[in-house]
Every structure is written in C-alpha cells, then in structure tokens.
Amino acid sequence: MTSSGARKYPKGALKLMVTAERLFGEHGIDGVSLRQIVSEAGQANNSAVQHHFGTREGLVQAVYDMRLPKLDDARQVKLDAFKDKTGDICARNLIAALILPVIEAFNEQDQNTYAAFLARLMHKDESVHPFFHSKVPQPAAREIIERLEACYAHLPSRVFNVRIRLASGLSLDYIAERRRLKESGKDPYPDEHAFWNEMIHSIESIFQAPFPVCY
C-alpha cells in the first residue's frame with residue numbers, strides 16, 4: 001500500500017486495514033469481530049485495533065480513507081485528459097472520470113475487495129457513513145461532482161445527491177457482476193471496454209431521467 005493517505009500508519013496498522021477491508025466486504029461492517037480481524041492480520045495483540053484506531057468506527061474510517069489519495073490522483077489524470085481546449089467536459093466523460101478510476105487504479109484483487117467494502121457502506125446513514133467524515137482531500141472528485149451537478153442543473157440538489165448515491169451503487173454492482181461473469185466462463189461481452197462502456201451508459205441514464213417524473 002503506497003498511497004499518501006496510508007503512509008502515516010505503521011506496517012502493522014496497514015495490515016489490519018487491508019485485512020479489515022476484505023473481511024468487511026465479505027461479512028458486512030458489523031459481521032466480523034475486531035478479534036477476528038486481528039487474528040487474520042497475524043497479530044498477537046488483541047487490542048491492536050484499539051491501539052491504532054481507537055474504535056471499530058475509527059478502523060472503518062481508516063479503511064475508507066486508505067485508497068482515496070491514489071483514487072483522487074487517478075481521477076485528476078482522467079479529468080485533465082477529458083477536458084477540451086476550453087476546459088469544458090461533457091457529462092458522460094465526467095461520469096467516466098468519477099467511476100472508471102475505481103476500476104483502473106487498482107489491481108483486480110484490490111479492486112474487488114475495495115468495491116465489496118464500499119458496497120457494504122452504501123445504505124449507511126449520512127451521520128455514520130465515512131464519506132461525510134473523511135478529512136482526506138479529494139479535489140478531483142469535488143470538481144467532477146460540481147461540474148456534473150451543473151450539467152444536470154434541472155435536478156434539485158437533494159435529488160442530484162440521491163442519484164450520485166444510486167450511480168455509485170450501480171457501479172459497484174457492475175464490478176461485482178464483472179467478477180461473476182469472469183468466474184462463470186459465460187461472458188457475453190466481446191471485451192472489457194464493451195462491458196465498462198455499458199456501465200457508463202447505464203449510469204448516465206440515472207442522471208438523464210426527468211424530475212419530477214410525469215405519469
């Protein structure tokens with residue numbers, strides 16, 4: 001783990017974070033004990049989590065923050081590449097700059113464990129979701145979301161926020177489905193590009209849906 005957001009932690013703490021990310025993704029945030037995380041991380045001190053992170057919530061926050069610096073760097077690269085000579089960027093490319101780095105910035109194993117962990121957080125209330133408590137700077141993500149909201153200015157801000165959440169959830173579903181298709185040997189897509197391109201189209205449709213909906 002080399003991202004700047006993780007460097008402040010010693011090796012033992014990083015091992016706990018990586019192990020916790022995997023176990024939280026497999027069993028749920030509340031479905032695994034701290035003792036199990038410590039054991040599977042190969043540490044003898046049963047109080048290791050409390051020593052490094054204070055509480056379960058502190059560990060969850062640290063796991064959430066762990067990959068953000070690398071992810072935001074990848075988003076910045078993609079954002080800059082998509083901008084035209086005037087600095088403009090279309091909504092579809094904004095979505096790609098927001099979502100695709102989750103797939104492209106990490107190896108397949110890290111991508112899958114990270115996505116599974118994020119999926120377990122999807123329906124957490126804002127009061128406890130680590131997104132709303134993170135202190136890791138994410139200038140690229142912030143710029144992308146601000147530009148995307150301007151593209152869909154017809155949506156009330158709270159509706160836009162709901163659709164961002166739904167879009168994030170759909171992207172995680174696509175990552176899980178990609179893994180399933182590979183393991184099943186019954187992949188109907190000609191290549192990776194076709195699959196992820198469909199994901200971007202599907203997410204774009206979430207924002208394009210009218211509001212309010214007329215029956």
# chains A, B, ... in the order shown; residues from 1 in each chain; ligands from 1
call {"tool": "select_by_dssp", "arguments": {"residues": "segment 42-164 of chain A", "states": "alpha helix (DSSP H)", "output": "JSON, numbers by chain"}}
result
{"A": [48, 49, 50, 51, 52, 53, 56, 57, 58, 59, 60, 61, 62, 63, 64, 65, 66, 68, 69, 70, 71, 72, 73, 74, 75, 76, 77, 78, 79, 80, 81, 82, 91, 92, 93, 94, 95, 96, 97, 98, 99, 100, 101, 102, 103, 104, 108, 109, 110, 111, 112, 113, 114, 115, 116, 117, 118, 119, 120, 121, 139, 140, 141, 142, 143, 144, 145, 146, 147, 148, 149, 150, 151, 157, 158, 159, 160, 161, 162, 163, 164]}
call {"tool": "residues_around", "arguments": {"residues": "Ile164 of chain A", "least_positions_apart": "4", "cutoff": "10 Å", "atoms": "only C-alpha atoms", "output": "list in words"}}
result
Ile95, Ile145, Leu148, Glu149, Arg158, Val159, Phe160, Ser168, Gly169, Leu170, Ile203, Ile206 and Phe207 of chain A
call {"tool": "residues_around", "arguments": {"residues": "segment 48-50 of chain A", "least_positions_apart": "2", "cutoff": "8 Å", "atoms": "only C-alpha atoms", "output": "VMD selection string"}}
result
chain A and resid 13 16 34 38 43 45 to 46 52 to 56 59
call {"tool": "residues_around", "arguments": {"residues": "Ser205 of chain A", "least_positions_apart": "3", "cutoff": "12 Å", "atoms": "only C-alpha atoms", "output": "PDB file with C-alpha atoms, in the first residue's frame"}}
result
ATOM      1  CA  ALA A  91     -21.418  14.835 -18.612  1.00  0.00           C
ATOM      2  CA  ARG A  92     -20.612  11.378 -19.933  1.00  0.00           C
ATOM      3  CA  ILE A  95     -19.102  10.166 -15.100  1.00  0.00           C
ATOM      4  CA  TYR A 152     -27.918  18.456 -14.581  1.00  0.00           C
ATOM      5  CA  ARG A 163     -28.713   9.986  -7.939  1.00  0.00           C
ATOM      6  CA  ILE A 164     -24.993  10.239  -7.175  1.00  0.00           C
ATOM      7  CA  LEU A 166     -27.537   5.409  -6.837  1.00  0.00           C
ATOM      8  CA  ALA A 167     -24.889   5.816  -9.538  1.00  0.00           C
ATOM      9  CA  LEU A 170     -24.726   0.708  -9.684  1.00  0.00           C
ATOM     10  CA  GLU A 198     -22.230  -0.181 -20.932  1.00  0.00           C
ATOM     11  CA  MET A 199     -21.775   0.695 -17.264  1.00  0.00           C
ATOM     12  CA  ILE A 200     -21.128   4.353 -18.106  1.00  0.00           C
ATOM     13  CA  HIS A 201     -24.212   4.433 -20.368  1.00  0.00           C
ATOM     14  CA  SER A 202     -26.330   2.911 -17.589  1.00  0.00           C
ATOM     15  CA  GLN A 208     -30.880  11.874 -17.521  1.00  0.00           C
ATOM     16  CA  ALA A 209     -34.178  10.658 -16.079  1.00  0.00           C
ATOM     17  CA  PRO A 210     -36.586  13.615 -15.781  1.00  0.00           C
TER      18      PRO A 210
END
call {"tool": "residues_around", "arguments": {"residues": "Gly31 of chain A", "least_positions_apart": "6", "cutoff": "12 Å", "atoms": "only C-alpha atoms", "output": "PyMOL selection string"}}
result
chain A and resi 20+22-25+37+56+120
call {"tool": "closest_residue", "arguments": {"among": "A:Leu68, A:Gln36, A:Gly12, A:Gly87", "to": "His51 of chain A", "atoms": "only C-alpha atoms"}}
result
A:Gly12
call {"tool": "residues_around", "arguments": {"residues": "Leu100 of chain A", "least_positions_apart": "6", "cutoff": "10 Å", "atoms": "only C-alpha atoms", "output": "JSON, numbers by chain"}}
result
{"A": [71, 74, 75, 78, 93, 171, 196, 197, 199, 200]}
call {"tool": "write_last_selection", "arguments": {"atoms": "C-alpha atoms", "output": "mmCIF file, in the first residue's frame"}}
result
data_model
loop_
_atom_site.group_PDB
_atom_site.id
_atom_site.type_symbol
_atom_site.label_atom_id
_atom_site.label_comp_id
_atom_site.auth_asym_id
_atom_site.auth_seq_id
_atom_site.Cartn_x
_atom_site.Cartn_y
_atom_site.Cartn_z
ATOM 1 C CA LEU A 71 -8.073 7.207 -6.374
ATOM 2 C CA ALA A 74 -6.296 8.821 -10.949
ATOM 3 C CA ARG A 75 -9.470 10.901 -11.223
ATOM 4 C CA LYS A 78 -8.670 11.287 -16.272
ATOM 5 C CA ASN A 93 -16.885 11.956 -19.571
ATOM 6 C CA SER A 171 -21.017 0.979 -10.435
ATOM 7 C CA TRP A 196 -17.424 -0.832 -18.811
ATOM 8 C CA ASN A 197 -18.802 1.299 -21.631
ATOM 9 C CA MET A 199 -21.775 0.695 -17.264
ATOM 10 C CA ILE A 200 -21.128 4.353 -18.106
#
call {"tool": "residues_around", "arguments": {"residues": "Ala141 of chain A", "least_positions_apart": "6", "cutoff": "8 Å", "atoms": "only C-alpha atoms", "output": "PyMOL selection string"}}
result
chain A and resi 72+75-76+98
call {"tool": "closest_residue", "arguments": {"among": "A:Ile144, A:Ile89, A:Val18, A:Ala81", "to": "Gln109 of chain A", "atoms": "only C-alpha atoms"}}
result
A:Val18
call {"tool": "atom_distance", "arguments": {"atom1": "atom CA of Ser127 of chain A", "atom2": "atom CA of Pro139 of chain A"}}
result
22.3 Å
call {"tool": "closest_residue", "arguments": {"among": "A:Ser47, A:Ser39, A:Leu94, A:Val213", "to": "Ala150 of chain A", "atoms": "only C-alpha atoms"}}
result
A:Leu94
call {"tool": "decode", "arguments": {"residues": "segment 42-59 of chain A", "atoms": "N, CA and C atoms", "output": "PDB file, in the first residue's frame"}}
result
ATOM      1  N   GLY A  42      -2.701 -11.592  11.506  1.00  0.00           N
ATOM      2  CA  GLY A  42      -1.488 -12.214  12.016  1.00  0.00           C
ATOM      3  C   GLY A  42      -0.852 -11.480  13.168  1.00  0.00           C
ATOM      4  N   GLN A  43      -1.680 -10.787  13.958  1.00  0.00           N
ATOM      5  CA  GLN A  43      -1.138 -10.032  15.080  1.00  0.00           C
ATOM      6  C   GLN A  43      -1.544 -10.677  16.403  1.00  0.00           C
ATOM      7  N   ALA A  44      -0.635 -10.631  17.362  1.00  0.00           N
ATOM      8  CA  ALA A  44      -0.856 -11.311  18.635  1.00  0.00           C
ATOM      9  C   ALA A  44      -1.597 -10.447  19.641  1.00  0.00           C
ATOM     10  N   ASN A  45      -1.505  -9.149  19.496  1.00  0.00           N
ATOM     11  CA  ASN A  45      -2.117  -8.230  20.460  1.00  0.00           C
ATOM     12  C   ASN A  45      -3.600  -8.057  20.144  1.00  0.00           C
ATOM     13  N   ASN A  46      -4.478  -8.568  20.999  1.00  0.00           N
ATOM     14  CA  ASN A  46      -5.918  -8.479  20.745  1.00  0.00           C
ATOM     15  C   ASN A  46      -6.436  -7.052  20.802  1.00  0.00           C
ATOM     16  N   SER A  47      -5.649  -6.137  21.341  1.00  0.00           N
ATOM     17  CA  SER A  47      -6.062  -4.733  21.429  1.00  0.00           C
ATOM     18  C   SER A  47      -5.438  -3.892  20.316  1.00  0.00           C
ATOM     19  N   ALA A  48      -4.946  -4.559  19.269  1.00  0.00           N
ATOM     20  CA  ALA A  48      -4.241  -3.831  18.208  1.00  0.00           C
ATOM     21  C   ALA A  48      -5.126  -2.802  17.520  1.00  0.00           C
ATOM     22  N   VAL A  49      -6.403  -3.153  17.293  1.00  0.00           N
ATOM     23  CA  VAL A  49      -7.311  -2.199  16.634  1.00  0.00           C
ATOM     24  C   VAL A  49      -7.496  -0.966  17.507  1.00  0.00           C
ATOM     25  N   GLN A  50      -7.750  -1.181  18.799  1.00  0.00           N
ATOM     26  CA  GLN A  50      -7.933  -0.058  19.707  1.00  0.00           C
ATOM     27  C   GLN A  50      -6.660   0.788  19.781  1.00  0.00           C
ATOM     28  N   HIS A  51      -5.509   0.129  19.743  1.00  0.00           N
ATOM     29  CA  HIS A  51      -4.237   0.853  19.822  1.00  0.00           C
ATOM     30  C   HIS A  51      -4.046   1.790  18.625  1.00  0.00           C
ATOM     31  N   HIS A  52      -4.337   1.297  17.442  1.00  0.00           N
ATOM     32  CA  HIS A  52      -4.079   2.085  16.230  1.00  0.00           C
ATOM     33  C   HIS A  52      -5.242   3.003  15.841  1.00  0.00           C
ATOM     34  N   PHE A  53      -6.494   2.564  16.101  1.00  0.00           N
ATOM     35  CA  PHE A  53      -7.647   3.272  15.541  1.00  0.00           C
ATOM     36  C   PHE A  53      -8.671   3.713  16.592  1.00  0.00           C
ATOM     37  N   GLY A  54      -8.518   3.248  17.806  1.00  0.00           N
ATOM     38  CA  GLY A  54      -9.409   3.652  18.877  1.00  0.00           C
ATOM     39  C   GLY A  54     -10.672   2.816  18.974  1.00  0.00           C
ATOM     40  N   THR A  55     -11.449   2.783  17.918  1.00  0.00           N
ATOM     41  CA  THR A  55     -12.735   2.105  17.913  1.00  0.00           C
ATOM     42  C   THR A  55     -12.950   1.399  16.584  1.00  0.00           C
ATOM     43  N   ARG A  56     -14.012   0.604  16.496  1.00  0.00           N
ATOM     44  CA  ARG A  56     -14.411  -0.006  15.223  1.00  0.00           C
ATOM     45  C   ARG A  56     -14.675   1.090  14.186  1.00  0.00           C
ATOM     46  N   GLU A  57     -15.357   2.154  14.613  1.00  0.00           N
ATOM     47  CA  GLU A  57     -15.656   3.253  13.696  1.00  0.00           C
ATOM     48  C   GLU A  57     -14.374   3.905  13.176  1.00  0.00           C
ATOM     49  N   GLY A  58     -13.379   4.024  14.059  1.00  0.00           N
ATOM     50  CA  GLY A  58     -12.098   4.581  13.631  1.00  0.00           C
ATOM     51  C   GLY A  58     -11.404   3.696  12.612  1.00  0.00           C
ATOM     52  N   LEU A  59     -11.529   2.385  12.784  1.00  0.00           N
ATOM     53  CA  LEU A  59     -10.963   1.452  11.810  1.00  0.00           C
ATOM     54  C   LEU A  59     -11.688   1.553  10.472  1.00  0.00           C
TER      55      LEU A  59
END
